[in-house]
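Following: one structure in structure tokens, then a few remarks.
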Amino acid sequence: MNNIDKNAVMSIGYGLYVLTAHEGEKDNGCIINVVAQLTDNPMRIMITVNKKNLTHDMILKTGHFNVSLLTEETPMHVIQHFGFQSGRDVNKFEKCDAVKRAANGIYYIPKYTNSYISGRLEYAKDLGTHTLFIAEITEAVKLGDAPSLTYAYYQKNIKPAVAKPAGDEAKITRWVCQVCGYVYEGENIPDDFICPWCKHGVADFVKE
């Protein structure tokens, strides 16, 4: 029997990034946490994207994307805006004037970021819940020197603490998503439950 401690896996270092794409008249973006440089010549990066994100489908169709590297100055509302709602339901850029287009015609986020990287898709691998994208870097621009936002920093300093219920509410069983803080109430959480905010599965929920 496998001995897998979820807390050990959660200790792997991650960042937080805004991934953007453009298709036809549609612009969209989402939050991802896996970006890594793979090669030097040519310069390539890899990203993994949840299939439930509209941005995922747009990249498959167009083959292009931008990654904006968030900094520790990023407020929670930026994470919520790009990570806790779907581009299928809202236009994430409708009232967003703090954006610019890179040479590839795709938006990047100039505020609360220290760099952006443009990628041209070379390879896509189906990983079940996510797709692994490997892309050649077509542009990389440094915007500032603020430290990059890590997942650990987000958890400790940006994500709001979950309020503890009182009175009769304290008797209700609560399951808290360790990624975004969403609370599911019920004695048992369904095995196939998907967090409506960050799209992570039941494995990322813990019982209070």
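Residue numbering restarts at 1 for every chain of the structure tokens, chains are lettered A, B, ... in their displayed order, and ligands are numbered from 1 as they appear.
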Sort by chain and increasing residue number a table of all residues of segment 28-128 of chain A within 10 Å of segment 153-161 of chain A, each with its closest pair of atoms and their distance in Å to one decimal, counting only C-alpha atoms, and write it as JSON lines.
{"residue": "A:Thr71", "atom": "CA", "partner": "A:Tyr154", "partner_atom": "CA", "distance": 9.9}
{"residue": "A:Glu72", "atom": "CA", "partner": "A:Tyr153", "partner_atom": "CA", "distance": 7.4}
{"residue": "A:Glu73", "atom": "CA", "partner": "A:Ile158", "partner_atom": "CA", "distance": 9.2}
{"residue": "A:Thr74", "atom": "CA", "partner": "A:Ile158", "partner_atom": "CA", "distance": 8.0}
{"residue": "A:Pro75", "atom": "CA", "partner": "A:Ile158", "partner_atom": "CA", "distance": 6.8}
{"residue": "A:Met76", "atom": "CA", "partner": "A:Ile158", "partner_atom": "CA", "distance": 6.0}
{"residue": "A:His77", "atom": "CA", "partner": "A:Ile158", "partner_atom": "CA", "distance": 9.8}
{"residue": "A:Ile79", "atom": "CA", "partner": "A:Lys159", "partner_atom": "CA", "distance": 9.1}
{"residue": "A:Gln80", "atom": "CA", "partner": "A:Lys159", "partner_atom": "CA", "distance": 9.9}
### Query
Which residues come within 12 Å of segment 189-201 of chain A, counting only C-alpha atoms, excluding same-chain residues fewer than 6 positions away, as an MDAnalysis selection string?
chainID A and resid 30:33 49:54 79:86 129:130 173:183 207
Just N, CA and C atoms for this one: save the residues we selected as a short mmCIF file (atom, residue, chain, number, x, y, z; two decimals), in the first residue's frame.
data_model
loop_
_atom_site.label_atom_id
_atom_site.label_comp_id
_atom_site.auth_asym_id
_atom_site.auth_seq_id
_atom_site.Cartn_x
_atom_site.Cartn_y
_atom_site.Cartn_z
N CYS A 30 -6.17 33.00 -16.44
CA CYS A 30 -6.43 32.17 -15.26
C CYS A 30 -5.16 32.10 -14.42
N ILE A 31 -5.29 31.57 -13.22
CA ILE A 31 -4.15 31.39 -12.33
C ILE A 31 -3.60 29.98 -12.51
N ILE A 32 -2.28 29.86 -12.65
CA ILE A 32 -1.62 28.55 -12.66
C ILE A 32 -0.48 28.60 -11.65
N ASN A 33 0.04 27.42 -11.28
CA ASN A 33 1.11 27.40 -10.29
C ASN A 33 2.33 26.60 -10.73
N VAL A 49 -1.88 23.17 -17.05
CA VAL A 49 -3.13 23.93 -16.95
C VAL A 49 -4.30 22.98 -16.75
N ASN A 50 -5.15 23.32 -15.78
CA ASN A 50 -6.36 22.54 -15.53
C ASN A 50 -7.28 22.60 -16.75
N LYS A 51 -7.78 21.45 -17.16
CA LYS A 51 -8.62 21.39 -18.35
C LYS A 51 -9.94 22.14 -18.20
N LYS A 52 -10.35 22.41 -16.97
CA LYS A 52 -11.61 23.12 -16.75
C LYS A 52 -11.49 24.61 -17.07
N ASN A 53 -10.26 25.10 -17.23
CA ASN A 53 -10.07 26.51 -17.54
C ASN A 53 -10.26 26.79 -19.03
N LEU A 54 -10.99 27.85 -19.33
CA LEU A 54 -11.19 28.26 -20.72
C LEU A 54 -9.86 28.57 -21.39
N ILE A 79 -5.93 37.52 -7.32
CA ILE A 79 -6.04 36.05 -7.31
C ILE A 79 -7.49 35.65 -7.52
N GLN A 80 -8.40 36.31 -6.81
CA GLN A 80 -9.82 35.99 -6.94
C GLN A 80 -10.33 36.26 -8.35
N HIS A 81 -9.92 37.39 -8.92
CA HIS A 81 -10.42 37.79 -10.24
C HIS A 81 -10.03 36.78 -11.32
N PHE A 82 -8.78 36.36 -11.32
CA PHE A 82 -8.32 35.46 -12.37
C PHE A 82 -8.46 33.99 -12.00
N GLY A 83 -8.57 33.68 -10.69
CA GLY A 83 -8.57 32.28 -10.29
C GLY A 83 -9.87 31.71 -9.78
N PHE A 84 -10.81 32.58 -9.33
CA PHE A 84 -12.01 32.07 -8.67
C PHE A 84 -13.27 32.26 -9.50
N GLN A 85 -13.13 32.56 -10.79
CA GLN A 85 -14.28 32.66 -11.68
C GLN A 85 -13.85 32.21 -13.07
N SER A 86 -14.81 31.81 -13.86
CA SER A 86 -14.50 31.25 -15.18
C SER A 86 -14.72 32.28 -16.28
N THR A 129 -6.43 15.39 -15.41
CA THR A 129 -7.10 16.63 -15.02
C THR A 129 -6.45 17.86 -15.65
N HIS A 130 -5.16 17.75 -16.02
CA HIS A 130 -4.40 18.87 -16.57
C HIS A 130 -3.77 18.48 -17.91
N THR A 173 -20.22 20.04 9.99
CA THR A 173 -18.91 19.61 9.50
C THR A 173 -18.50 20.45 8.31
N ARG A 174 -17.27 20.96 8.36
CA ARG A 174 -16.77 21.82 7.30
C ARG A 174 -15.49 21.24 6.71
N TRP A 175 -15.41 21.30 5.39
CA TRP A 175 -14.23 20.85 4.65
C TRP A 175 -13.64 22.07 3.95
N VAL A 176 -12.38 22.35 4.20
CA VAL A 176 -11.76 23.58 3.70
C VAL A 176 -10.75 23.24 2.61
N CYS A 177 -10.88 23.92 1.47
CA CYS A 177 -9.92 23.76 0.38
C CYS A 177 -8.60 24.41 0.79
N GLN A 178 -7.54 23.64 0.75
CA GLN A 178 -6.22 24.14 1.15
C GLN A 178 -5.57 25.03 0.10
N VAL A 179 -6.16 25.07 -1.08
CA VAL A 179 -5.62 25.91 -2.15
C VAL A 179 -6.16 27.33 -2.06
N CYS A 180 -7.50 27.46 -1.94
CA CYS A 180 -8.11 28.79 -2.01
C CYS A 180 -8.92 29.19 -0.77
N GLY A 181 -9.25 28.21 0.10
CA GLY A 181 -10.01 28.54 1.30
C GLY A 181 -11.51 28.33 1.19
N TYR A 182 -12.00 27.84 0.05
CA TYR A 182 -13.43 27.57 -0.09
C TYR A 182 -13.87 26.55 0.96
N VAL A 183 -15.07 26.73 1.52
CA VAL A 183 -15.57 25.84 2.57
C VAL A 183 -16.78 25.06 2.06
N LYS A 207 -10.76 18.27 6.60
CA LYS A 207 -11.87 18.42 7.53
C LYS A 207 -11.43 19.27 8.71
#
### Task
Would you please work out which residue, of A:Leu60, A:Cys96, A:Val202, A:Leu70, is nearest to Phe133 of chain A when using only C-alpha atoms?
A:Leu60
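Checking A:Tyr112, A:Tyr151, A:Phe205, A:Tyr107 one by one against Phe65 of chain A, counting only C-alpha atoms, you find the shortest gap at A:Tyr107.
Once Met43 of chain A and its same-chain neighbours fewer than 5 positions away are set aside, Gln37, Leu38, Gly119, Ala135, Glu136, Ile137, Thr138 and Glu139 of chain A remain within 10 Å of it when counting only C-alpha atoms.
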Keeping only C-alpha atoms, take the residues you just selected and write them out as a compact mmCIF listing (two decimals), in the first residue's frame.
# COMPACT_ATOMS: atom_id res chain seq x y z
CA GLN A 37 12.29 26.61 -17.86
CA LEU A 38 13.27 23.41 -19.68
CA GLY A 119 5.28 31.11 -25.44
CA ALA A 135 6.52 25.96 -25.58
CA GLU A 136 9.35 27.92 -27.13
CA ILE A 137 9.86 31.34 -25.55
CA THR A 138 9.25 34.04 -28.16
CA GLU A 139 9.56 37.05 -25.82
#### Entry: segment 50-99 of chain A: residues DSSP assigns to helix (DSSP H, G or I), reported as a ChimeraX atom specification
/A:54-62,76-83
### Task
Run DSSP on the backbone and give me the residues of segment 45-108 of chain A it puts in strand (DSSP E or B), as an MDAnalysis selection string.
chainID A and resid 45:50 64:71 100:101 107:108
Just N, CA and C atoms for this one: save the residues we selected as a PDB file, in the first residue's frame.
ATOM      1  N   ILE A  45       9.851  26.675 -22.086  1.00  0.00           N
ATOM      2  CA  ILE A  45       9.240  26.556 -20.774  1.00  0.00           C
ATOM      3  C   ILE A  45       8.147  25.504 -20.834  1.00  0.00           C
ATOM      4  N   MET A  46       7.767  25.028 -19.655  1.00  0.00           N
ATOM      5  CA  MET A  46       6.606  24.158 -19.561  1.00  0.00           C
ATOM      6  C   MET A  46       5.627  24.756 -18.572  1.00  0.00           C
ATOM      7  N   ILE A  47       4.343  24.527 -18.827  1.00  0.00           N
ATOM      8  CA  ILE A  47       3.297  24.916 -17.896  1.00  0.00           C
ATOM      9  C   ILE A  47       2.306  23.760 -17.827  1.00  0.00           C
ATOM     10  N   THR A  48       1.576  23.677 -16.730  1.00  0.00           N
ATOM     11  CA  THR A  48       0.458  22.737 -16.666  1.00  0.00           C
ATOM     12  C   THR A  48      -0.797  23.525 -16.355  1.00  0.00           C
ATOM     13  N   VAL A  49      -1.885  23.167 -17.045  1.00  0.00           N
ATOM     14  CA  VAL A  49      -3.126  23.927 -16.950  1.00  0.00           C
ATOM     15  C   VAL A  49      -4.304  22.982 -16.747  1.00  0.00           C
ATOM     16  N   ASN A  50      -5.153  23.317 -15.779  1.00  0.00           N
ATOM     17  CA  ASN A  50      -6.359  22.543 -15.526  1.00  0.00           C
ATOM     18  C   ASN A  50      -7.275  22.601 -16.746  1.00  0.00           C
ATOM     19  N   HIS A  64      -0.592  29.771 -28.609  1.00  0.00           N
ATOM     20  CA  HIS A  64       0.166  30.888 -28.049  1.00  0.00           C
ATOM     21  C   HIS A  64      -0.384  31.285 -26.681  1.00  0.00           C
ATOM     22  N   PHE A  65       0.498  31.805 -25.832  1.00  0.00           N
ATOM     23  CA  PHE A  65       0.068  32.261 -24.503  1.00  0.00           C
ATOM     24  C   PHE A  65       1.115  33.194 -23.922  1.00  0.00           C
ATOM     25  N   ASN A  66       0.733  33.895 -22.857  1.00  0.00           N
ATOM     26  CA  ASN A  66       1.654  34.691 -22.044  1.00  0.00           C
ATOM     27  C   ASN A  66       1.534  34.257 -20.599  1.00  0.00           C
ATOM     28  N   VAL A  67       2.640  34.336 -19.883  1.00  0.00           N
ATOM     29  CA  VAL A  67       2.658  34.095 -18.444  1.00  0.00           C
ATOM     30  C   VAL A  67       3.163  35.363 -17.762  1.00  0.00           C
ATOM     31  N   SER A  68       2.345  35.928 -16.881  1.00  0.00           N
ATOM     32  CA  SER A  68       2.752  37.086 -16.081  1.00  0.00           C
ATOM     33  C   SER A  68       3.145  36.596 -14.696  1.00  0.00           C
ATOM     34  N   LEU A  69       4.380  36.912 -14.290  1.00  0.00           N
ATOM     35  CA  LEU A  69       4.910  36.435 -13.013  1.00  0.00           C
ATOM     36  C   LEU A  69       4.509  37.392 -11.897  1.00  0.00           C
ATOM     37  N   LEU A  70       3.598  36.951 -11.051  1.00  0.00           N
ATOM     38  CA  LEU A  70       3.097  37.782  -9.958  1.00  0.00           C
ATOM     39  C   LEU A  70       4.175  38.003  -8.907  1.00  0.00           C
ATOM     40  N   THR A  71       4.022  39.097  -8.144  1.00  0.00           N
ATOM     41  CA  THR A  71       4.969  39.422  -7.083  1.00  0.00           C
ATOM     42  C   THR A  71       4.296  39.323  -5.716  1.00  0.00           C
ATOM     43  N   LYS A 100      -1.691  45.261 -20.916  1.00  0.00           N
ATOM     44  CA  LYS A 100      -1.073  45.647 -22.183  1.00  0.00           C
ATOM     45  C   LYS A 100      -0.929  44.404 -23.050  1.00  0.00           C
ATOM     46  N   ARG A 101      -0.773  44.615 -24.352  1.00  0.00           N
ATOM     47  CA  ARG A 101      -0.590  43.484 -25.250  1.00  0.00           C
ATOM     48  C   ARG A 101       0.891  43.335 -25.587  1.00  0.00           C
ATOM     49  N   TYR A 107      -2.717  39.741 -24.067  1.00  0.00           N
ATOM     50  CA  TYR A 107      -2.546  40.577 -22.891  1.00  0.00           C
ATOM     51  C   TYR A 107      -1.498  39.995 -21.938  1.00  0.00           C
ATOM     52  N   TYR A 108      -0.793  40.892 -21.252  1.00  0.00           N
ATOM     53  CA  TYR A 108      -0.039  40.521 -20.063  1.00  0.00           C
ATOM     54  C   TYR A 108      -0.428  41.496 -18.963  1.00  0.00           C
TER      55      TYR A 108
END
### Message
With distances taken over only C-alpha atoms, which residue among A:Asn28, A:Val78, A:His56, A:Thr150 lies nearest Leu16 of chain A?
### Response
A:Thr150
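Here atom CA of Asp57 of chain A is placed at a distance of 11.6 Å from atom CA of Ala124 of chain A.
Reported to one decimal place, the separation of atom CA of Lys142 of chain A from atom CA of Lys61 of chain A is 27.7 Å.
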